[in-house]
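Report on the following structure.
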Amino acid sequence: QVQLMESGGGSVQTGGSLRLSCAASGSPNRIYCMSWFRQVVGKEREWVASSKIHGKTDYADSVKGRFAISRDSAKNTVSLQMNSLKPEDAGMYYCAAAVRTCGVTDYWGQGTQVSVSS
């Protein structure tokens, strides 16, 4: 089992920055891929970024060039640096962990809220 705990959400103005962090505990050595997703009430959860164990990262087109995911395997943490935030970036951000492939999430965090005011 893996437990994920997010932190770092908050409220910013358009153009501002936030850094989200996620700490994994339990059996974090099983994790192949750590990702961030976000969700707005009434909409489906949306993938934002992923970091694979060998260092490869991927981003949704909507956040490329503005967000950066980083993973510290020694500390079992993953962070999401979010810059140039837009109102459409607002939502509940979830940390996710996958054992075999980024496309199949095995564990979810509880989420941290991000608000962006115009």
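Here, A, B, ... name the chains of the structure tokens in the order displayed, residue numbers run from 1 inside each chain, and ligands are numbered from 1 in the same displayed order.
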Which residues are close to A:Lys86, i.e. within 12 Å by only C-alpha atoms, leaving aside same-chain residues fewer than 5 positions away? Reply as a short mmCIF file (atom, residue, chain, number, x, y, z; two decimals) with all heavy atoms, in the first residue's frame.
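This went into result39.cif:
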```cif
data_model
loop_
_atom_site.label_atom_id
_atom_site.label_comp_id
_atom_site.auth_asym_id
_atom_site.auth_seq_id
_atom_site.Cartn_x
_atom_site.Cartn_y
_atom_site.Cartn_z
N SER A 11 -4.43 30.21 -2.82
CA SER A 11 -5.04 31.17 -3.73
C SER A 11 -3.99 32.14 -4.24
O SER A 11 -3.20 32.67 -3.45
CB SER A 11 -6.15 31.94 -3.02
OG SER A 11 -7.17 31.07 -2.59
N VAL A 12 -4.01 32.38 -5.54
CA VAL A 12 -3.09 33.34 -6.14
C VAL A 12 -3.83 34.14 -7.19
O VAL A 12 -4.92 33.76 -7.63
CB VAL A 12 -1.87 32.66 -6.80
CG1 VAL A 12 -0.99 31.98 -5.77
CG2 VAL A 12 -2.31 31.70 -7.87
N GLN A 13 -3.23 35.22 -7.61
CA GLN A 13 -3.78 36.00 -8.71
C GLN A 13 -3.24 35.47 -10.02
O GLN A 13 -2.21 34.79 -10.07
CB GLN A 13 -3.42 37.47 -8.54
CG GLN A 13 -4.12 38.13 -7.36
CD GLN A 13 -3.86 39.61 -7.31
OE1 GLN A 13 -2.80 40.09 -7.72
NE2 GLN A 13 -4.81 40.36 -6.79
N THR A 14 -3.91 35.81 -11.08
CA THR A 14 -3.45 35.44 -12.41
C THR A 14 -2.01 35.89 -12.60
O THR A 14 -1.66 37.03 -12.28
CB THR A 14 -4.34 36.08 -13.48
OG1 THR A 14 -5.68 35.57 -13.34
CG2 THR A 14 -3.84 35.75 -14.88
N GLY A 15 -1.20 34.97 -13.13
CA GLY A 15 0.21 35.27 -13.33
C GLY A 15 1.10 34.85 -12.18
O GLY A 15 2.32 34.88 -12.30
N GLY A 16 0.49 34.48 -11.08
CA GLY A 16 1.25 34.08 -9.90
C GLY A 16 1.76 32.66 -9.98
O GLY A 16 1.56 31.96 -10.98
N SER A 17 2.41 32.24 -8.90
CA SER A 17 3.01 30.91 -8.85
C SER A 17 2.62 30.19 -7.57
O SER A 17 2.37 30.82 -6.54
CB SER A 17 4.54 31.02 -8.90
OG SER A 17 4.98 31.60 -10.10
N LEU A 18 2.58 28.87 -7.67
CA LEU A 18 2.38 28.01 -6.51
C LEU A 18 3.22 26.77 -6.70
O LEU A 18 3.49 26.36 -7.84
CB LEU A 18 0.92 27.59 -6.37
CG LEU A 18 -0.08 28.55 -5.72
CD1 LEU A 18 -1.48 27.97 -5.80
CD2 LEU A 18 0.30 28.86 -4.29
N SER A 62 -1.73 22.02 -22.14
CA SER A 62 -2.23 23.24 -21.51
C SER A 62 -1.29 23.82 -20.47
O SER A 62 -1.43 24.98 -20.09
CB SER A 62 -3.60 22.97 -20.87
OG SER A 62 -3.49 21.95 -19.90
N VAL A 63 -0.33 23.02 -19.99
CA VAL A 63 0.57 23.50 -18.94
C VAL A 63 2.03 23.52 -19.37
O VAL A 63 2.89 23.97 -18.62
CB VAL A 63 0.42 22.68 -17.64
CG1 VAL A 63 -1.03 22.64 -17.20
CG2 VAL A 63 0.98 21.27 -17.82
N ARG A 66 4.87 26.17 -18.49
CA ARG A 66 4.47 26.91 -17.29
C ARG A 66 4.63 26.07 -16.01
O ARG A 66 4.93 26.61 -14.96
CB ARG A 66 3.02 27.38 -17.40
CG ARG A 66 2.75 28.28 -18.59
CD ARG A 66 1.35 28.86 -18.54
NE ARG A 66 0.32 27.82 -18.62
CZ ARG A 66 -0.60 27.61 -17.67
NH1 ARG A 66 -0.61 28.36 -16.58
NH2 ARG A 66 -1.51 26.66 -17.83
N PHE A 67 4.40 24.79 -16.13
CA PHE A 67 4.48 23.90 -14.97
C PHE A 67 5.73 23.02 -15.10
O PHE A 67 6.16 22.68 -16.21
CB PHE A 67 3.27 22.98 -14.91
CG PHE A 67 1.97 23.66 -14.53
CD1 PHE A 67 1.85 25.05 -14.54
CD2 PHE A 67 0.88 22.90 -14.17
CE1 PHE A 67 0.65 25.66 -14.20
CE2 PHE A 67 -0.32 23.49 -13.82
CZ PHE A 67 -0.43 24.88 -13.84
N GLY A 91 -8.57 24.51 -9.48
CA GLY A 91 -9.22 23.23 -9.28
C GLY A 91 -8.60 22.48 -8.12
O GLY A 91 -7.69 22.98 -7.45
N VAL A 114 -6.44 24.62 -5.48
CA VAL A 114 -5.75 25.76 -6.09
C VAL A 114 -6.80 26.71 -6.64
O VAL A 114 -7.68 26.30 -7.40
CB VAL A 114 -4.81 25.30 -7.22
CG1 VAL A 114 -4.27 26.51 -7.99
CG2 VAL A 114 -3.67 24.47 -6.66
N SER A 115 -6.73 27.97 -6.23
CA SER A 115 -7.63 28.99 -6.74
C SER A 115 -6.82 30.08 -7.42
O SER A 115 -5.79 30.49 -6.90
CB SER A 115 -8.45 29.59 -5.59
OG SER A 115 -9.22 28.60 -4.94
N VAL A 116 -7.29 30.53 -8.57
CA VAL A 116 -6.60 31.58 -9.32
C VAL A 116 -7.62 32.67 -9.64
O VAL A 116 -8.60 32.42 -10.35
CB VAL A 116 -5.98 31.04 -10.61
CG1 VAL A 116 -5.19 32.16 -11.31
CG2 VAL A 116 -5.08 29.85 -10.33
N SER A 117 -7.39 33.83 -9.12
CA SER A 117 -8.32 34.94 -9.35
C SER A 117 -7.82 35.83 -10.47
O SER A 117 -6.61 36.02 -10.64
CB SER A 117 -8.48 35.75 -8.07
OG SER A 117 -7.24 36.25 -7.63
N SER A 118 -8.75 36.35 -11.22
CA SER A 118 -8.39 37.20 -12.36
C SER A 118 -8.30 38.66 -11.95
O SER A 118 -8.67 39.04 -10.85
CB SER A 118 -9.42 37.05 -13.47
OG SER A 118 -10.70 37.34 -12.99
#
```
Close residues, A:Glu44 itself excluded, 12 Å, only C-alpha atoms, min 5 positions apart in chain, as number ranges by chain: A: 37-39, 91-92
Selection: 9 Å around A:Ser79, only C-alpha atoms, excl. self and same-chain fewer than 2 positions, as a PyMOL selection string: chain A and resi 19-23+36+68-72+77+81
Secondary structure check, strand (DSSP E) residues of stretch 60-118 of chain A, as an MDAnalysis selection string: chainID A and resid 67:72 77:82 91:98 107:108 112:117
The selected residues should be written to file as an mmCIF file, in the first residue's frame (atoms: N, CA, C and O atoms).
```cif
data_model
loop_
_atom_site.group_PDB
_atom_site.id
_atom_site.type_symbol
_atom_site.label_atom_id
_atom_site.label_comp_id
_atom_site.auth_asym_id
_atom_site.auth_seq_id
_atom_site.Cartn_x
_atom_site.Cartn_y
_atom_site.Cartn_z
ATOM 1 N N PHE A 67 4.402 24.790 -16.127
ATOM 2 C CA PHE A 67 4.484 23.896 -14.972
ATOM 3 C C PHE A 67 5.730 23.023 -15.102
ATOM 4 O O PHE A 67 6.155 22.682 -16.213
ATOM 5 N N ALA A 68 6.271 22.637 -13.963
ATOM 6 C CA ALA A 68 7.415 21.733 -13.948
ATOM 7 C C ALA A 68 7.232 20.714 -12.830
ATOM 8 O O ALA A 68 7.037 21.090 -11.666
ATOM 9 N N ILE A 69 7.307 19.445 -13.193
ATOM 10 C CA ILE A 69 7.205 18.376 -12.209
ATOM 11 C C ILE A 69 8.602 17.896 -11.867
ATOM 12 O O ILE A 69 9.468 17.788 -12.735
ATOM 13 N N SER A 70 8.821 17.651 -10.602
ATOM 14 C CA SER A 70 10.127 17.145 -10.173
ATOM 15 C C SER A 70 9.909 16.071 -9.118
ATOM 16 O O SER A 70 8.982 16.160 -8.306
ATOM 17 N N ARG A 71 10.776 15.093 -9.151
ATOM 18 C CA ARG A 71 10.610 13.936 -8.274
ATOM 19 C C ARG A 71 11.911 13.677 -7.543
ATOM 20 O O ARG A 71 12.976 13.699 -8.137
ATOM 21 N N ASP A 72 11.816 13.435 -6.269
ATOM 22 C CA ASP A 72 12.966 13.060 -5.466
ATOM 23 C C ASP A 72 12.714 11.651 -4.964
ATOM 24 O O ASP A 72 12.002 11.446 -3.988
ATOM 25 N N THR A 77 9.156 11.972 -2.788
ATOM 26 C CA THR A 77 8.296 13.138 -2.969
ATOM 27 C C THR A 77 8.228 13.519 -4.444
ATOM 28 O O THR A 77 9.141 13.211 -5.227
ATOM 29 N N VAL A 78 7.166 14.181 -4.794
ATOM 30 C CA VAL A 78 7.032 14.756 -6.132
ATOM 31 C C VAL A 78 6.426 16.139 -5.965
ATOM 32 O O VAL A 78 5.549 16.349 -5.122
ATOM 33 N N SER A 79 6.940 17.082 -6.739
ATOM 34 C CA SER A 79 6.462 18.454 -6.638
ATOM 35 C C SER A 79 5.971 18.941 -7.988
ATOM 36 O O SER A 79 6.365 18.403 -9.033
ATOM 37 N N LEU A 80 5.155 19.940 -7.944
ATOM 38 C CA LEU A 80 4.670 20.573 -9.174
ATOM 39 C C LEU A 80 4.810 22.083 -9.008
ATOM 40 O O LEU A 80 4.090 22.688 -8.211
ATOM 41 N N GLN A 81 5.768 22.647 -9.711
ATOM 42 C CA GLN A 81 5.947 24.089 -9.708
ATOM 43 C C GLN A 81 5.049 24.674 -10.779
ATOM 44 O O GLN A 81 5.175 24.322 -11.953
ATOM 45 N N MET A 82 4.155 25.554 -10.373
ATOM 46 C CA MET A 82 3.191 26.124 -11.303
ATOM 47 C C MET A 82 3.433 27.623 -11.414
ATOM 48 O O MET A 82 3.303 28.346 -10.432
ATOM 49 N N GLY A 91 -8.569 24.511 -9.478
ATOM 50 C CA GLY A 91 -9.223 23.231 -9.276
ATOM 51 C C GLY A 91 -8.597 22.477 -8.122
ATOM 52 O O GLY A 91 -7.694 22.983 -7.454
ATOM 53 N N MET A 92 -9.074 21.280 -7.920
ATOM 54 C CA MET A 92 -8.490 20.396 -6.914
ATOM 55 C C MET A 92 -7.382 19.604 -7.597
ATOM 56 O O MET A 92 -7.630 18.966 -8.620
ATOM 57 N N TYR A 93 -6.199 19.676 -7.050
ATOM 58 C CA TYR A 93 -5.060 18.971 -7.612
ATOM 59 C C TYR A 93 -4.787 17.704 -6.802
ATOM 60 O O TYR A 93 -4.682 17.765 -5.577
ATOM 61 N N TYR A 94 -4.651 16.609 -7.535
ATOM 62 C CA TYR A 94 -4.447 15.313 -6.906
ATOM 63 C C TYR A 94 -3.098 14.734 -7.304
ATOM 64 O O TYR A 94 -2.721 14.747 -8.482
ATOM 65 N N CYS A 95 -2.418 14.202 -6.333
ATOM 66 C CA CYS A 95 -1.198 13.439 -6.574
ATOM 67 C C CYS A 95 -1.610 11.996 -6.853
ATOM 68 O O CYS A 95 -2.544 11.481 -6.221
ATOM 69 N N ALA A 96 -0.923 11.355 -7.788
ATOM 70 C CA ALA A 96 -1.255 9.986 -8.154
ATOM 71 C C ALA A 96 0.015 9.162 -8.292
ATOM 72 O O ALA A 96 1.045 9.677 -8.727
ATOM 73 N N ALA A 97 -0.091 7.903 -7.955
ATOM 74 C CA ALA A 97 1.051 6.996 -8.070
ATOM 75 C C ALA A 97 0.628 5.743 -8.823
ATOM 76 O O ALA A 97 -0.469 5.220 -8.613
ATOM 77 N N ALA A 98 1.503 5.307 -9.702
ATOM 78 C CA ALA A 98 1.236 4.112 -10.493
ATOM 79 C C ALA A 98 2.392 3.141 -10.340
ATOM 80 O O ALA A 98 3.560 3.544 -10.363
ATOM 81 N N TYR A 107 -2.860 4.595 -6.848
ATOM 82 C CA TYR A 107 -3.089 5.283 -5.583
ATOM 83 C C TYR A 107 -3.338 6.771 -5.831
ATOM 84 O O TYR A 107 -2.685 7.370 -6.705
ATOM 85 N N TRP A 108 -4.234 7.328 -5.035
ATOM 86 C CA TRP A 108 -4.567 8.744 -5.131
ATOM 87 C C TRP A 108 -4.372 9.418 -3.778
ATOM 88 O O TRP A 108 -4.612 8.839 -2.730
ATOM 89 N N THR A 112 -5.439 18.843 -3.077
ATOM 90 C CA THR A 112 -5.182 20.158 -2.504
ATOM 91 C C THR A 112 -5.761 21.198 -3.463
ATOM 92 O O THR A 112 -5.617 21.077 -4.678
ATOM 93 N N GLN A 113 -6.423 22.201 -2.912
ATOM 94 C CA GLN A 113 -7.168 23.151 -3.729
ATOM 95 C C GLN A 113 -6.279 24.283 -4.223
ATOM 96 O O GLN A 113 -5.488 24.860 -3.460
ATOM 97 N N VAL A 114 -6.441 24.618 -5.479
ATOM 98 C CA VAL A 114 -5.753 25.756 -6.092
ATOM 99 C C VAL A 114 -6.804 26.713 -6.635
ATOM 100 O O VAL A 114 -7.679 26.299 -7.402
ATOM 101 N N SER A 115 -6.726 27.966 -6.234
ATOM 102 C CA SER A 115 -7.635 28.987 -6.738
ATOM 103 C C SER A 115 -6.823 30.082 -7.423
ATOM 104 O O SER A 115 -5.786 30.490 -6.902
ATOM 105 N N VAL A 116 -7.291 30.530 -8.572
ATOM 106 C CA VAL A 116 -6.604 31.578 -9.315
ATOM 107 C C VAL A 116 -7.622 32.665 -9.640
ATOM 108 O O VAL A 116 -8.599 32.419 -10.349
ATOM 109 N N SER A 117 -7.387 33.835 -9.124
ATOM 110 C CA SER A 117 -8.320 34.939 -9.349
ATOM 111 C C SER A 117 -7.817 35.826 -10.470
ATOM 112 O O SER A 117 -6.612 36.022 -10.644
#
```
Pick from A:Ser27, A:Asn76, A:Cys102, A:Glu6 nearest to A:Val48, counting only C-alpha atoms: A:Cys102
Close residues, A:Ser50 itself excluded, 6 Å, only C-alpha atoms, min 3 positions apart in chain, as a ChimeraX atom specification: /A:34-35,57-58
Store the residues picked out above, limited to N, CA and C atoms, as a short mmCIF file (atom, residue, chain, number, x, y, z; two decimals), in the first residue's frame.
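Done, and the output landed in part-v9.cif:
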```cif
data_model
loop_
_atom_site.label_atom_id
_atom_site.label_comp_id
_atom_site.auth_asym_id
_atom_site.auth_seq_id
_atom_site.Cartn_x
_atom_site.Cartn_y
_atom_site.Cartn_z
N MET A 34 4.79 8.89 -10.94
CA MET A 34 4.03 9.80 -10.09
C MET A 34 3.50 10.94 -10.95
N SER A 35 2.26 11.26 -10.73
CA SER A 35 1.61 12.24 -11.60
C SER A 35 0.79 13.24 -10.78
N THR A 57 9.73 13.01 -18.02
CA THR A 57 8.55 13.76 -17.63
C THR A 57 7.67 14.05 -18.84
N ASP A 58 6.39 14.18 -18.59
CA ASP A 58 5.43 14.51 -19.64
C ASP A 58 4.45 15.53 -19.09
#
```
Residue with smallest distance to A:Glu88 - pool A:Met5, A:Glu46, A:Arg100, A:Ala24, counting only C-alpha atoms: A:Glu46
Atom-to-atom span, atom CA of A:Val104 and atom CA of A:Tyr32, Å: 10.8 Å
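Backbone DSSP over chain A gives helix (DSSP H, G or I) for Pro28, Asn29, Arg30, Pro87, Glu88 and Asp89 of chain A.
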Between atom CA of A:Ile53 and atom CA of A:Gly109, distance in Å (one decimal):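 Here the two named atoms are 18.5 Å from each other.
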Nearest to A:Trp47 by atom-to-atom distance, counting only C-alpha atoms, from A:Gln110, A:Thr105, A:Asn83, A:Asn29: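 For A:Trp47, the nearest of the candidates is A:Thr105.
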